[in-house]
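J.: Sharing final_36.pdb (PDB, C-alpha atoms and all ligand atoms) below.
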```pdb
ATOM      1  CA  MET M 259      -7.667 -35.253 -55.880
ATOM      2  CA  GLU M 260      -7.492 -32.072 -53.806
ATOM      3  CA  GLN M 261      -4.420 -29.929 -54.326
ATOM      4  CA  SER M 262      -2.398 -29.115 -51.239
ATOM      5  CA  VAL M 263      -3.214 -25.711 -49.782
ATOM      6  CA  ASN M 264      -1.244 -23.402 -47.583
ATOM      7  CA  ILE M 265      -3.802 -21.014 -46.075
ATOM      8  CA  ASP M 266      -1.201 -18.913 -44.216
ATOM      9  CA  ASN M 267       0.640 -17.982 -47.339
ATOM     10  CA  CYS M 268      -2.071 -18.127 -49.942
ATOM     11  CA  GLU M 269      -0.447 -18.246 -53.350
ATOM     12  CA  VAL M 270      -3.790 -19.000 -55.009
ATOM     13  CA  LYS M 271      -5.322 -15.682 -53.917
ATOM     14  CA  LYS M 272      -2.333 -13.788 -55.250
ATOM     15  CA  LYS M 273      -2.591 -15.617 -58.556
ATOM     16  CA  TYR M 274      -6.183 -14.654 -59.389
ATOM     17  CA  SER M 275      -7.230 -11.004 -59.663
ATOM     18  CA  PHE M 276     -10.828  -9.707 -59.575
ATOM     19  CA  TRP M 277     -10.699  -9.627 -63.370
ATOM     20  CA  ASP M 278      -9.634 -13.298 -63.545
ATOM     21  CA  MET M 279     -12.573 -14.274 -61.381
ATOM     22  CA  HIS M 280     -15.230 -12.236 -63.211
ATOM     23  CA  LYS M 281     -13.851 -12.108 -66.750
ATOM     24  CA  PHE M 282     -16.622 -13.917 -68.632
ATOM     25  CA  THR M 283     -19.432 -12.316 -66.666
ATOM     26  CA  ILE M 284     -18.088  -8.823 -67.452
ATOM     27  CA  LEU M 285     -17.132  -9.479 -71.069
ATOM     28  CA  ARG M 286     -20.457 -11.067 -71.968
ATOM     29  CA  ASN M 287     -22.475  -8.240 -70.481
ATOM     30  CA  VAL M 288     -20.356  -5.689 -72.353
ATOM     31  CA  VAL M 289     -20.790  -7.550 -75.671
ATOM     32  CA  TYR M 290     -24.547  -8.055 -75.140
ATOM     33  CA  GLY M 291     -24.939  -4.413 -74.097
ATOM     34  CA  LEU M 292     -23.080  -3.091 -77.154
ATOM     35  CA  ILE M 293     -25.088  -5.240 -79.542
ATOM     36  CA  THR M 294     -28.358  -4.092 -78.013
ATOM     37  CA  LEU M 295     -27.145  -0.496 -78.233
ATOM     38  CA  PHE M 296     -26.404  -0.928 -81.959
ATOM     39  CA  LEU M 297     -29.847  -2.452 -82.472
ATOM     40  CA  VAL M 298     -31.342   0.704 -80.966
ATOM     41  CA  ILE M 299     -29.019   3.265 -82.584
ATOM     42  CA  ILE M 300     -29.056   2.009 -86.198
ATOM     43  CA  PRO M 301     -32.802   2.475 -86.874
ATOM     44  CA  THR M 302     -33.266   5.399 -84.439
ATOM     45  CA  PHE M 303     -30.682   7.496 -86.293
ATOM     46  CA  LYS M 304     -32.012   6.153 -89.588
ATOM     47  CA  ILE M 305     -28.669   4.628 -90.568
ATOM     48  CA  VAL M 306     -30.766   1.736 -91.883
ATOM     49  CA  LYS M 307     -34.502   1.669 -91.360
ATOM     50  CA  ILE M 308     -37.654   0.867 -93.246
ATOM     51  CA  ASP M 309     -40.775   2.789 -92.408
ATOM     52  CA  ILE M 310     -43.814   0.856 -93.586
ATOM     53  CA  ALA M 311     -46.181   3.442 -92.093
ATOM     54  CA  HIS M 312     -44.828   6.216 -94.342
ATOM     55  CA  ASP M 313     -43.948   3.988 -97.287
ATOM     56  CA  GLU M 314     -40.290   4.980 -97.262
ATOM     57  CA  SER M 315     -36.859   3.751 -96.158
ATOM     58  CA  TRP M 316     -33.771   5.374 -94.772
ATOM     59  CA  ILE M 317     -30.153   4.655 -95.615
ATOM     60  CA  PHE M 318     -27.486   6.727 -93.849
ATOM     61  CA  GLY M 319     -30.072   9.384 -92.997
ATOM     62  CA  LYS M 320     -31.353   9.710 -96.595
ATOM     63  CA  SER M 321     -34.955   8.980 -97.480
ATOM     64  CA  VAL M 322     -35.306   6.407-100.304
ATOM     65  CA  PRO M 323     -38.233   4.378-101.707
ATOM     66  CA  LEU M 324     -39.441   1.605 -99.385
ATOM     67  CA  GLU M 325     -38.092  -1.231-101.587
ATOM     68  CA  ASP M 326     -34.568   0.255-101.559
ATOM     69  CA  GLY M 327     -34.364  -0.172 -97.807
ATOM     70  CA  LEU M 328     -35.261  -3.851 -97.946
ATOM     71  CA  GLY M 329     -31.881  -4.777 -99.488
ATOM     72  CA  PRO M 330     -29.713  -3.623 -96.548
ATOM     73  CA  LEU M 331     -32.182  -5.165 -94.103
ATOM     74  CA  ILE M 332     -32.028  -8.544 -95.864
ATOM     75  CA  ILE M 333     -28.215  -8.288 -95.982
ATOM     76  CA  ALA M 334     -28.167  -7.575 -92.208
ATOM     77  CA  GLY M 335     -30.423 -10.609 -91.585
ATOM     78  CA  GLY M 336     -28.197 -12.752 -93.837
ATOM     79  CA  PHE M 337     -25.124 -11.541 -91.969
ATOM     80  CA  PHE M 338     -26.582 -12.747 -88.664
ATOM     81  CA  ALA M 339     -27.577 -16.098 -90.209
ATOM     82  CA  ILE M 340     -24.033 -16.627 -91.526
ATOM     83  CA  LEU M 341     -22.560 -15.490 -88.206
ATOM     84  CA  ILE M 342     -24.604 -18.143 -86.377
ATOM     85  CA  ILE M 343     -23.367 -20.867 -88.750
ATOM     86  CA  ILE M 344     -19.701 -19.819 -88.470
ATOM     87  CA  LEU M 345     -19.724 -19.394 -84.682
ATOM     88  CA  ASN M 346     -21.513 -22.727 -84.320
ATOM     89  CA  LEU M 347     -18.751 -24.416 -86.314
ATOM     90  CA  ILE M 348     -16.083 -22.855 -84.089
ATOM     91  CA  ASN M 349     -17.542 -23.120 -80.620
ATOM     92  CA  GLY M 350     -21.124 -24.394 -80.535
ATOM     93  CA  ARG M 351     -23.869 -22.052 -79.329
ATOM     94  CA  VAL M 352     -21.559 -19.118 -78.707
ATOM     95  CA  PHE M 353     -24.078 -16.891 -80.552
ATOM     96  CA  CYS M 354     -26.659 -17.722 -77.850
ATOM     97  CA  GLY M 355     -24.245 -17.030 -75.014
ATOM     98  CA  TRP M 356     -22.679 -13.822 -76.284
ATOM     99  CA  ILE M 357     -24.700 -12.104 -79.019
ATOM    100  CA  CYS M 358     -28.448 -12.820 -79.028
ATOM    101  CA  PRO M 359     -30.227  -9.979 -77.162
ATOM    102  CA  GLY M 360     -33.185 -12.329 -76.567
ATOM    103  CA  GLY M 361     -30.872 -14.670 -74.666
ATOM    104  CA  TRP M 362     -29.533 -11.782 -72.617
ATOM    105  CA  VAL M 363     -32.941 -10.476 -71.627
ATOM    106  CA  ALA M 364     -34.150 -14.041 -70.914
ATOM    107  CA  GLU M 365     -31.171 -14.490 -68.606
ATOM    108  CA  ILE M 366     -31.940 -11.277 -66.721
ATOM    109  CA  GLN M 367     -35.573 -12.390 -66.423
ATOM    110  CA  GLU M 368     -34.464 -15.781 -65.113
ATOM    111  CA  LYS M 369     -32.429 -14.106 -62.357
ATOM    112  CA  LEU M 370     -35.373 -11.915 -61.486
ATOM    113  CA  LYS M 371     -37.704 -14.887 -61.475
ATOM    114  CA  ARG M 372     -35.455 -16.790 -59.077
ATOM    115  CA  LYS M 373     -35.250 -13.769 -56.825
ATOM    116  CA  LEU M 374     -39.007 -13.197 -56.768
ATOM    117  CA  PHE M 375     -40.141 -16.832 -56.972
ATOM    118  CA  GLY M 376     -37.806 -18.031 -54.249
ATOM    119  CA  PRO M 377     -39.160 -20.485 -51.680
ATOM    120  CA  ARG M 378     -40.681 -17.620 -49.662
ATOM    121  CA  SER M 379     -42.204 -15.670 -52.538
ATOM    122  CA  SER M 380     -45.602 -14.139 -51.893
ATOM    123  CA  LYS M 381     -48.519 -13.580 -54.276
ATOM    124  CA  ALA M 382     -47.512  -9.915 -54.495
ATOM    125  CA  GLN M 383     -44.097 -10.893 -55.748
ATOM    126  CA  ARG M 384     -45.664 -13.068 -58.418
ATOM    127  CA  LEU M 385     -47.815 -10.172 -59.580
ATOM    128  CA  GLU M 386     -44.712  -8.000 -59.634
ATOM    129  CA  TYR M 387     -43.075 -10.509 -61.969
ATOM    130  CA  PHE M 388     -46.078 -10.473 -64.367
ATOM    131  CA  VAL M 389     -45.935  -6.670 -64.496
ATOM    132  CA  ILE M 390     -42.149  -6.402 -64.883
ATOM    133  CA  THR M 391     -42.248  -9.035 -67.638
ATOM    134  CA  GLY M 392     -44.904  -6.930 -69.382
ATOM    135  CA  VAL M 393     -42.758  -3.780 -69.274
ATOM    136  CA  VAL M 394     -39.613  -5.593 -70.456
ATOM    137  CA  THR M 395     -41.614  -7.273 -73.248
ATOM    138  CA  LEU M 396     -42.949  -3.900 -74.369
ATOM    139  CA  LEU M 397     -39.431  -2.435 -74.617
ATOM    140  CA  PHE M 398     -38.129  -5.535 -76.341
ATOM    141  CA  ALA M 399     -40.962  -5.465 -78.926
ATOM    142  CA  LEU M 400     -40.429  -1.745 -79.567
ATOM    143  CA  LEU M 401     -36.748  -2.427 -80.228
ATOM    144  CA  PHE M 402     -37.747  -4.641 -83.165
ATOM    145  CA  PHE M 403     -40.655  -2.549 -84.488
ATOM    146  CA  ASN M 404     -38.344   0.469 -84.540
ATOM    147  CA  TRP M 405     -36.581  -1.226 -87.487
ATOM    148  CA  VAL M 406     -39.697  -1.444 -89.656
ATOM    149  CA  THR M 407     -41.903   1.496 -88.811
ATOM    150  CA  ASP M 408     -42.115   4.961 -87.370
ATOM    151  CA  LEU M 409     -43.314   4.045 -83.862
ATOM    152  CA  ARG M 410     -45.780   6.960 -83.866
ATOM    153  CA  VAL M 411     -48.002   4.904 -86.206
ATOM    154  CA  PHE M 412     -49.456   3.206 -83.119
ATOM    155  CA  PHE M 413     -51.149   6.506 -82.194
ATOM    156  CA  TYR M 414     -52.412   7.578 -85.666
ATOM    157  CA  LYS M 415     -55.717   5.910 -86.460
ATOM    158  CA  THR M 416     -55.859   7.524 -89.909
ATOM    159  CA  ASN M 417     -52.649   5.842 -91.083
ATOM    160  CA  PRO M 418     -53.459   2.787 -93.300
ATOM    161  CA  SER M 419     -50.856   0.779 -91.375
ATOM    162  CA  PHE M 420     -52.516   1.482 -88.013
ATOM    163  CA  ILE M 421     -54.522  -1.769 -87.781
ATOM    164  CA  PRO M 422     -51.978  -4.140 -89.459
ATOM    165  CA  MET M 423     -49.213  -2.738 -87.242
ATOM    166  CA  TRP M 424     -51.256  -3.187 -84.082
ATOM    167  CA  LEU M 425     -52.106  -6.771 -85.112
ATOM    168  CA  ALA M 426     -48.421  -7.526 -85.794
ATOM    169  CA  PHE M 427     -47.452  -5.880 -82.513
ATOM    170  CA  ILE M 428     -49.961  -7.852 -80.455
ATOM    171  CA  GLY M 429     -48.751 -11.117 -82.074
ATOM    172  CA  ALA M 430     -45.096 -10.285 -81.415
ATOM    173  CA  PHE M 431     -45.896  -9.132 -77.881
ATOM    174  CA  GLY M 432     -47.513 -12.513 -77.132
ATOM    175  CA  VAL M 433     -44.492 -14.484 -78.344
ATOM    176  CA  PHE M 434     -41.993 -12.210 -76.560
ATOM    177  CA  TYR M 435     -44.014 -12.263 -73.352
ATOM    178  CA  PHE M 436     -43.963 -16.052 -73.365
ATOM    179  CA  GLU M 437     -40.208 -16.035 -74.033
ATOM    180  CA  LEU M 438     -39.393 -13.612 -71.279
ATOM    181  CA  PHE M 439     -41.842 -15.061 -68.781
ATOM    182  CA  ILE M 440     -40.219 -18.489 -68.939
ATOM    183  CA  GLY M 441     -36.716 -16.943 -68.963
ATOM    184  CA  LYS M 442     -33.840 -19.143 -69.988
ATOM    185  CA  ARG M 443     -36.150 -22.102 -70.539
ATOM    186  CA  TRP M 444     -36.906 -20.411 -73.840
ATOM    187  CA  CYS M 445     -33.257 -20.908 -74.913
ATOM    188  CA  ARG M 446     -33.157 -24.430 -73.536
ATOM    189  CA  VAL M 447     -36.304 -25.748 -75.183
ATOM    190  CA  PHE M 448     -38.148 -23.442 -77.567
ATOM    191  CA  CYS M 449     -35.873 -21.066 -79.474
ATOM    192  CA  PRO M 450     -35.718 -22.086 -83.171
ATOM    193  CA  THR M 451     -32.178 -20.671 -83.498
ATOM    194  CA  GLY M 452     -31.094 -22.737 -80.511
ATOM    195  CA  ILE M 453     -32.712 -25.911 -81.892
ATOM    196  CA  TYR M 454     -31.072 -25.304 -85.248
ATOM    197  CA  GLN M 455     -27.666 -25.063 -83.577
ATOM    198  CA  LYS M 456     -28.149 -28.340 -81.754
ATOM    199  CA  ILE M 457     -29.069 -30.346 -84.838
ATOM    200  CA  THR M 458     -26.649 -28.916 -87.410
ATOM    201  CA  PRO M 459     -22.977 -29.907 -87.372
ATOM    202  CA  TYR M 460     -21.376 -27.982 -84.556
ATOM    203  CA  HIS M 461     -17.994 -27.990 -82.930
ATOM    204  CA  HIS M 462     -16.766 -26.960 -79.521
ATOM    205  CA  LEU M 463     -13.115 -26.047 -79.838
ATOM    206  CA  TYR M 464     -13.102 -25.071 -76.156
ATOM    207  CA  LYS M 465     -15.213 -26.973 -73.673
ATOM    208  CA  PRO M 466     -15.730 -26.145 -70.011
ATOM    209  CA  THR M 467     -15.039 -29.118 -67.757
ATOM    210  CA  MET M 468     -13.342 -30.177 -64.565
ATOM    211  CA  ALA M 469      -9.529 -30.079 -64.536
ATOM    212  CA  SER M 470      -7.981 -33.486 -65.183
ATOM    213  CA  TRP M 471      -6.373 -33.584 -61.715
ATOM    214  CA  ALA M 472      -9.737 -33.052 -59.976
ATOM    215  CA  ASN M 473     -12.741 -35.218 -59.253
ATOM    216  CA  LEU M 474     -16.370 -34.635 -58.304
ATOM    217  CA  ASP M 475     -15.573 -35.308 -54.644
ATOM    218  CA  ASP M 476     -13.283 -32.275 -54.556
ATOM    219  CA  CYS M 477     -16.359 -30.042 -54.811
ATOM    220  CA  GLY M 478     -17.743 -31.120 -51.452
ATOM    221  CA  HIS M 479     -21.342 -29.882 -51.337
ATOM    222  CA  CYS M 480     -20.681 -26.784 -53.432
ATOM    223  CA  ARG M 481     -22.831 -27.157 -56.604
ATOM    224  CA  GLU M 482     -22.531 -23.405 -57.311
ATOM    225  CA  CYS M 483     -21.547 -23.819 -60.972
ATOM    226  CA  ILE M 484     -24.601 -26.041 -61.461
ATOM    227  CA  LYS M 485     -26.883 -23.439 -59.851
ATOM    228  CA  ASN M 486     -25.370 -20.651 -61.956
ATOM    229  CA  CYS M 487     -25.365 -22.416 -65.331
ATOM    230  CA  PRO M 488     -28.029 -20.602 -67.389
ATOM    231  CA  MET M 489     -28.650 -23.779 -69.363
ATOM    232  CA  ALA M 490     -29.270 -25.909 -66.244
ATOM    233  CA  LEU M 491     -26.313 -28.215 -66.980
ATOM    234  CA  ASP M 492     -23.811 -29.851 -64.695
ATOM    235  CA  PRO M 493     -20.813 -27.994 -66.179
ATOM    236  CA  ARG M 494     -18.312 -30.393 -64.609
ATOM    237  CA  ARG M 495     -19.328 -33.347 -66.746
ATOM    238  CA  MET M 496     -21.819 -32.172 -69.382
ATOM    239  CA  ALA M 497     -19.120 -32.229 -72.106
ATOM    240  CA  TYR M 498     -19.098 -36.038 -71.845
ATOM    241  CA  ILE M 499     -22.840 -36.298 -72.329
ATOM    242  CA  ASN M 500     -24.470 -36.546 -75.748
ATOM    243  CA  ASP M 501     -27.892 -35.089 -75.111
ATOM    244  CA  PHE M 502     -29.913 -32.135 -76.468
ATOM    245  CA  TYR M 503     -30.767 -30.831 -72.999
ATOM    246  CA  LYS M 504     -28.107 -32.187 -70.631
ATOM    247  CA  GLY M 505     -25.071 -32.354 -72.875
ATOM    248  CA  LEU M 506     -22.579 -30.243 -74.759
ATOM    249  CA  GLN M 507     -25.210 -29.448 -77.410
ATOM    250  CA  ALA M 508     -26.969 -27.228 -74.884
ATOM    251  CA  CYS M 509     -23.877 -25.362 -73.615
ATOM    252  CA  ILE M 510     -23.807 -21.720 -74.746
ATOM    253  CA  ALA M 511     -20.086 -21.296 -73.975
ATOM    254  CA  CYS M 512     -20.830 -18.447 -71.589
ATOM    255  CA  GLY M 513     -17.988 -19.255 -69.182
ATOM    256  CA  LEU M 514     -20.108 -18.555 -66.076
ATOM    257  CA  CYS M 515     -19.144 -21.946 -64.632
ATOM    258  CA  ILE M 516     -15.464 -21.012 -64.962
ATOM    259  CA  ASP M 517     -16.012 -17.662 -63.202
ATOM    260  CA  THR M 518     -18.218 -19.225 -60.535
ATOM    261  CA  CYS M 519     -15.755 -21.926 -59.568
ATOM    262  CA  LYS M 520     -12.997 -19.330 -59.180
ATOM    263  CA  GLN M 521     -15.264 -17.149 -57.048
ATOM    264  CA  VAL M 522     -16.019 -20.115 -54.792
ATOM    265  CA  ARG M 523     -12.583 -21.647 -54.521
ATOM    266  CA  VAL M 524     -10.064 -18.803 -54.651
ATOM    267  CA  PRO M 525     -11.301 -17.052 -51.451
ATOM    268  CA  GLU M 526     -10.875 -20.451 -49.758
ATOM    269  CA  CYS M 527      -7.333 -20.518 -51.071
ATOM    270  CA  LYS M 528      -7.999 -23.500 -53.309
ATOM    271  CA  GLU M 529      -7.226 -23.895 -56.999
ATOM    272  CA  PRO M 530     -10.382 -23.581 -59.159
ATOM    273  CA  LEU M 531     -11.631 -26.899 -60.531
ATOM    274  CA  MET M 532     -13.341 -25.665 -63.697
ATOM    275  CA  VAL M 533     -11.239 -25.019 -66.791
ATOM    276  CA  TRP M 534     -11.578 -24.676 -70.564
ATOM    277  CA  VAL M 535     -10.015 -27.589 -72.444
ATOM    278  CA  LYS M 536      -9.523 -28.442 -76.078
ATOM    279  CA  ASP M 537      -9.266 -32.180 -75.422
ATOM    280  CA  LEU M 538     -11.379 -33.705 -72.694
ATOM    281  CA  PRO M 539      -9.404 -35.709 -70.132
ATOM    282  CA  PRO M 540     -10.471 -39.387 -70.064
ATOM    283  CA  ARG M 541     -13.112 -40.090 -67.403
ATOM    284  CA  ASN M 542     -14.779 -43.246 -66.118
ATOM    285  CA  GLN M 543     -18.502 -43.972 -66.243
ATOM    286  CA  ASP M 544     -19.011 -43.052 -62.568
ATOM    287  CA  PHE M 545     -17.743 -39.535 -63.249
ATOM    288  CA  ILE M 546     -19.896 -39.152 -66.361
ATOM    289  CA  GLU M 547     -22.970 -40.282 -64.412
ATOM    290  CA  GLY M 548     -22.169 -37.802 -61.631
ATOM    291  CA  LYS M 549     -21.509 -40.389 -58.936
ATOM    292  CA  THR M 550     -19.516 -39.146 -55.987
ATOM    293  CA  HIS M 551     -18.086 -41.297 -53.233
ATOM    294  CA  HIS M 552     -19.577 -39.209 -50.469
ATOM    295  CA  HIS M 553     -23.315 -38.715 -50.091
ATOM    296  CA  PRO M 554     -24.538 -35.119 -49.998
ATOM    297  CA  THR M 555     -26.571 -34.306 -46.942
ATOM    298  CA  HIS M 556     -28.557 -31.572 -48.700
TER     299      HIS M 556
HETATM  300  S1  LIG M 601     -18.215 -24.334 -58.583
HETATM  301 FE1  LIG M 601     -16.320 -25.567 -58.600
HETATM  302  S2  LIG M 601     -16.267 -26.484 -56.563
HETATM  303 FE2  LIG M 601     -18.375 -25.783 -56.872
HETATM  304  S3  LIG M 601     -19.466 -27.566 -57.736
HETATM  305 FE3  LIG M 601     -18.691 -26.358 -59.453
HETATM  306  S4  LIG M 601     -16.707 -27.315 -59.977
HETATM  307 FE4  LIG M 601     -17.259 -27.969 -57.909
HETATM  308  S1  LIG M 602     -21.741 -25.350 -68.871
HETATM  309 FE1  LIG M 602     -20.678 -23.421 -68.329
HETATM  310  S2  LIG M 602     -20.235 -22.441 -70.303
HETATM  311 FE2  LIG M 602     -21.820 -24.004 -70.672
HETATM  312  S3  LIG M 602     -23.774 -22.926 -70.476
HETATM  313 FE3  LIG M 602     -23.317 -23.800 -68.446
HETATM  314  S4  LIG M 602     -22.239 -22.147 -67.343
HETATM  315 FE4  LIG M 602     -22.201 -21.613 -69.537
END
```
Will you turn the file into structure tokens for me?
Ligand code: SF4
Ligand code: SF4
T.:
Amino acid sequence: MEQSVNIDNCEVKKKYSFWDMHKFTILRNVVYGLITLFLVIIPTFKIVKIDIAHDESWIFGKSVPLEDGLGPLIIAGGFFAILIIILNLINGRVFCGWICPGGWVAEIQEKLKRKLFGPRSSKAQRLEYFVITGVVTLLFALLFFNWVTDLRVFFYKTNPSFIPMWLAFIGAFGVFYFELFIGKRWCRVFCPTGIYQKITPYHHLYKPTMASWANLDDCGHCRECIKNCPMALDPRRMAYINDFYKGLQACIACGLCIDTCKQVRVPECKEPLMVWVKDLPPRNQDFIEGKTHHHPTH
């Protein structure tokens, strides 16, 4: 049911600041950005790094035998594995929506893809996308190889690691290119970490859904939260659906649907319909199946 609105004296607009309407978008990009920065800084400044090409490791700027550097690297990997398990138990795929740099870059690629592959995209734009994906893949691959080797090895034919490193790099480049080319579809369908988080016990303490006082008809023809959901869900009702691709299992708790609904509704002086809830309000089968009482014209 639509809430009553007084356009002349818009209380709703006064209630929601710019921050309220963009909170999750800003916070996520800051968190993703900081994590990526750490992933660059730590090996670049040799805080922790192994250098297979020179058969040595670095811990806090000190050169140590190669094997000594493996310990901290394994601990760092273990830390991320445990973090995924804990976050998954608290709020589902929050790791995917807030921490994984692969997810972040895939999301940026997806936006780019939509921009370039819009209904009027030309062949030139497609070529542009192939090239941009190549450059982004190169940077992304270098970010990871920087942890295990001195990157100059790729230019020194005499180094015994020259050929193995190139082979490893070409393999990784292929996988990353595929990931970034398909954008967020990678996270929806292919990512092993994502699949793991769908099939292990998970819990969503906070779920995005439509406020209990609202119904699908209140949206009119909007559909903006659906268009903006990086996981291609219908955020209004997906929490009621038990499905790997269409249901809560796929939600990465990014909060973009919450931001989007505010950005659509508040300027129109209407209360946003999307909220976080701990307990889902009861809904009938029509709502869960997405049936509205009006018929969209487009
Ligand atoms: S953004 Fe809000 S108004 Fe638009 S479809 Fe989603 S829930 Fe409805
Ligand atoms: S339903 Fe909302 S929180 Fe979940 S992935 Fe989609 S936009 Fe993000």
J.: Quick one: axis-aligned box around all listed atoms of ligand LIG 602 (chain M), 6 Å on every side, centre and edge lengths in Å to one decimal, written as AutoDock Vina command-line options.
T.:
```
--center_x -22.0 --center_y -23.5 --center_z -69.0 --size_x 15.5 --size_y 15.7 --size_z 15.3
```
J.: Would you mind listing, for every residue of chain M within 6 Å of ligand LIG 602 (chain M), the two atoms forming the shortest contact and the distance between them in Å to one decimal, using all atoms listed in the file, sorted by chain and ascending residue number, as JSON lines?
T.:
```
{"residue": "M:Pro466", "atom": "CA", "partner": "M:LIG602", "partner_atom": "S2", "distance": 5.8}
{"residue": "M:Cys487", "atom": "CA", "partner": "M:LIG602", "partner_atom": "S4", "distance": 3.7}
{"residue": "M:Pro488", "atom": "CA", "partner": "M:LIG602", "partner_atom": "S3", "distance": 5.7}
{"residue": "M:Met489", "atom": "CA", "partner": "M:LIG602", "partner_atom": "S3", "distance": 5.1}
{"residue": "M:Leu491", "atom": "CA", "partner": "M:LIG602", "partner_atom": "FE3", "distance": 5.5}
{"residue": "M:Pro493", "atom": "CA", "partner": "M:LIG602", "partner_atom": "S1", "distance": 3.9}
{"residue": "M:Cys509", "atom": "CA", "partner": "M:LIG602", "partner_atom": "FE2", "distance": 3.8}
{"residue": "M:Ile510", "atom": "CA", "partner": "M:LIG602", "partner_atom": "S3", "distance": 4.4}
{"residue": "M:Ala511", "atom": "CA", "partner": "M:LIG602", "partner_atom": "S2", "distance": 3.8}
{"residue": "M:Cys512", "atom": "CA", "partner": "M:LIG602", "partner_atom": "FE4", "distance": 4.0}
{"residue": "M:Gly513", "atom": "CA", "partner": "M:LIG602", "partner_atom": "S2", "distance": 4.1}
{"residue": "M:Leu514", "atom": "CA", "partner": "M:LIG602", "partner_atom": "S4", "distance": 4.4}
{"residue": "M:Cys515", "atom": "CA", "partner": "M:LIG602", "partner_atom": "S4", "distance": 4.1}
```
J.: Give the answer as one residue: which of M:Leu370, M:Val522, M:Ala508, M:Leu463 has the shortest atom-to-atom distance to Glu482 of chain M, using only C-alpha atoms?
T.: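 Distance minimum relative to Glu482 of chain M lands on M:Val522.
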J.: Between atom CA of Phe545 of chain M and atom CA of Arg495 of chain M, measure the distance and give it in Å to one decimal.
T.: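 Going from atom CA of Phe545 of chain M over to atom CA of Arg495 of chain M covers 7.3 Å.
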J.: Using only C-alpha atoms and all ligand atoms, which protein or nucleic acid residues are at most 7 Å from ligand LIG 601 (chain M), as JSON, numbers by chain?
T.: {"M": [468, 474, 476, 477, 480, 481, 482, 483, 484, 494, 515, 518, 519, 522, 523, 530, 531, 532]}
J.: Identify all residues satisfying the PyMOL selection byres (((chain M and resi 427-443) around 6) and not hetatm) in the given file; provide them as a PDB file with C-alpha atoms, in the coordinates of the input.
T.:
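What ended up in selection_7.pdb:
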```pdb
ATOM      1  CA  ALA M 364     -34.150 -14.041 -70.914  1.00  0.00           C
ATOM      2  CA  GLU M 365     -31.171 -14.490 -68.606  1.00  0.00           C
ATOM      3  CA  GLN M 367     -35.573 -12.390 -66.423  1.00  0.00           C
ATOM      4  CA  GLU M 368     -34.464 -15.781 -65.113  1.00  0.00           C
ATOM      5  CA  THR M 395     -41.614  -7.273 -73.248  1.00  0.00           C
ATOM      6  CA  MET M 423     -49.213  -2.738 -87.242  1.00  0.00           C
ATOM      7  CA  TRP M 424     -51.256  -3.187 -84.082  1.00  0.00           C
ATOM      8  CA  LEU M 425     -52.106  -6.771 -85.112  1.00  0.00           C
ATOM      9  CA  ALA M 426     -48.421  -7.526 -85.794  1.00  0.00           C
ATOM     10  CA  TRP M 444     -36.906 -20.411 -73.840  1.00  0.00           C
ATOM     11  CA  CYS M 445     -33.257 -20.908 -74.913  1.00  0.00           C
ATOM     12  CA  ARG M 446     -33.157 -24.430 -73.536  1.00  0.00           C
ATOM     13  CA  VAL M 447     -36.304 -25.748 -75.183  1.00  0.00           C
TER      14      VAL M 447
END
```
J.: At what distance in Å, to one decimal, does atom CA of Ala472 of chain M lie from atom CA of Val270 of chain M?
T.: 16.0 Å
J.: For Glu529 of chain M, which residue out of M:Val411, M:Ala469, M:Leu400, M:Val289 is the nearest one, using all atoms listed in the file?
T.: M:Ala469
J.: Pick out the residues sitting within 10 Å of Pro459 of chain M, and hand them over as a list of chain:residue names; count only C-alpha atoms, and ignore anything fewer than 4 positions along from it in its own chain.
T.: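 The residues satisfying every condition are M:Ile343, M:Asn346, M:Leu347, M:Gly350, M:Tyr454, M:Gln455.
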J.: Could you model N, CA and C atoms for segment 489-497 of chain M and present them as a compact mmCIF listing (two decimals), in the coordinates of the input?
T.:
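part-v4.txt, freshly written:
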```txt
# COMPACT_ATOMS: atom_id res chain seq x y z
N MET M 489 -28.02 -22.72 -68.58
CA MET M 489 -28.65 -23.78 -69.36
C MET M 489 -28.98 -25.01 -68.51
N ALA M 490 -28.91 -24.85 -67.19
CA ALA M 490 -29.27 -25.91 -66.24
C ALA M 490 -28.48 -27.20 -66.49
N LEU M 491 -27.17 -27.04 -66.75
CA LEU M 491 -26.31 -28.22 -66.98
C LEU M 491 -25.48 -28.47 -65.73
N ASP M 492 -24.86 -29.64 -65.69
CA ASP M 492 -23.81 -29.85 -64.69
C ASP M 492 -22.50 -29.60 -65.44
N PRO M 493 -21.95 -28.38 -65.33
CA PRO M 493 -20.81 -27.99 -66.18
C PRO M 493 -19.60 -28.91 -66.01
N ARG M 494 -19.49 -29.58 -64.88
CA ARG M 494 -18.31 -30.39 -64.61
C ARG M 494 -18.22 -31.58 -65.56
N ARG M 495 -19.37 -32.11 -65.96
CA ARG M 495 -19.33 -33.35 -66.75
C ARG M 495 -20.20 -33.33 -68.00
N MET M 496 -20.89 -32.20 -68.25
CA MET M 496 -21.82 -32.17 -69.38
C MET M 496 -21.13 -32.40 -70.73
N ALA M 497 -19.81 -32.08 -70.82
CA ALA M 497 -19.12 -32.23 -72.11
C ALA M 497 -18.96 -33.69 -72.50
```
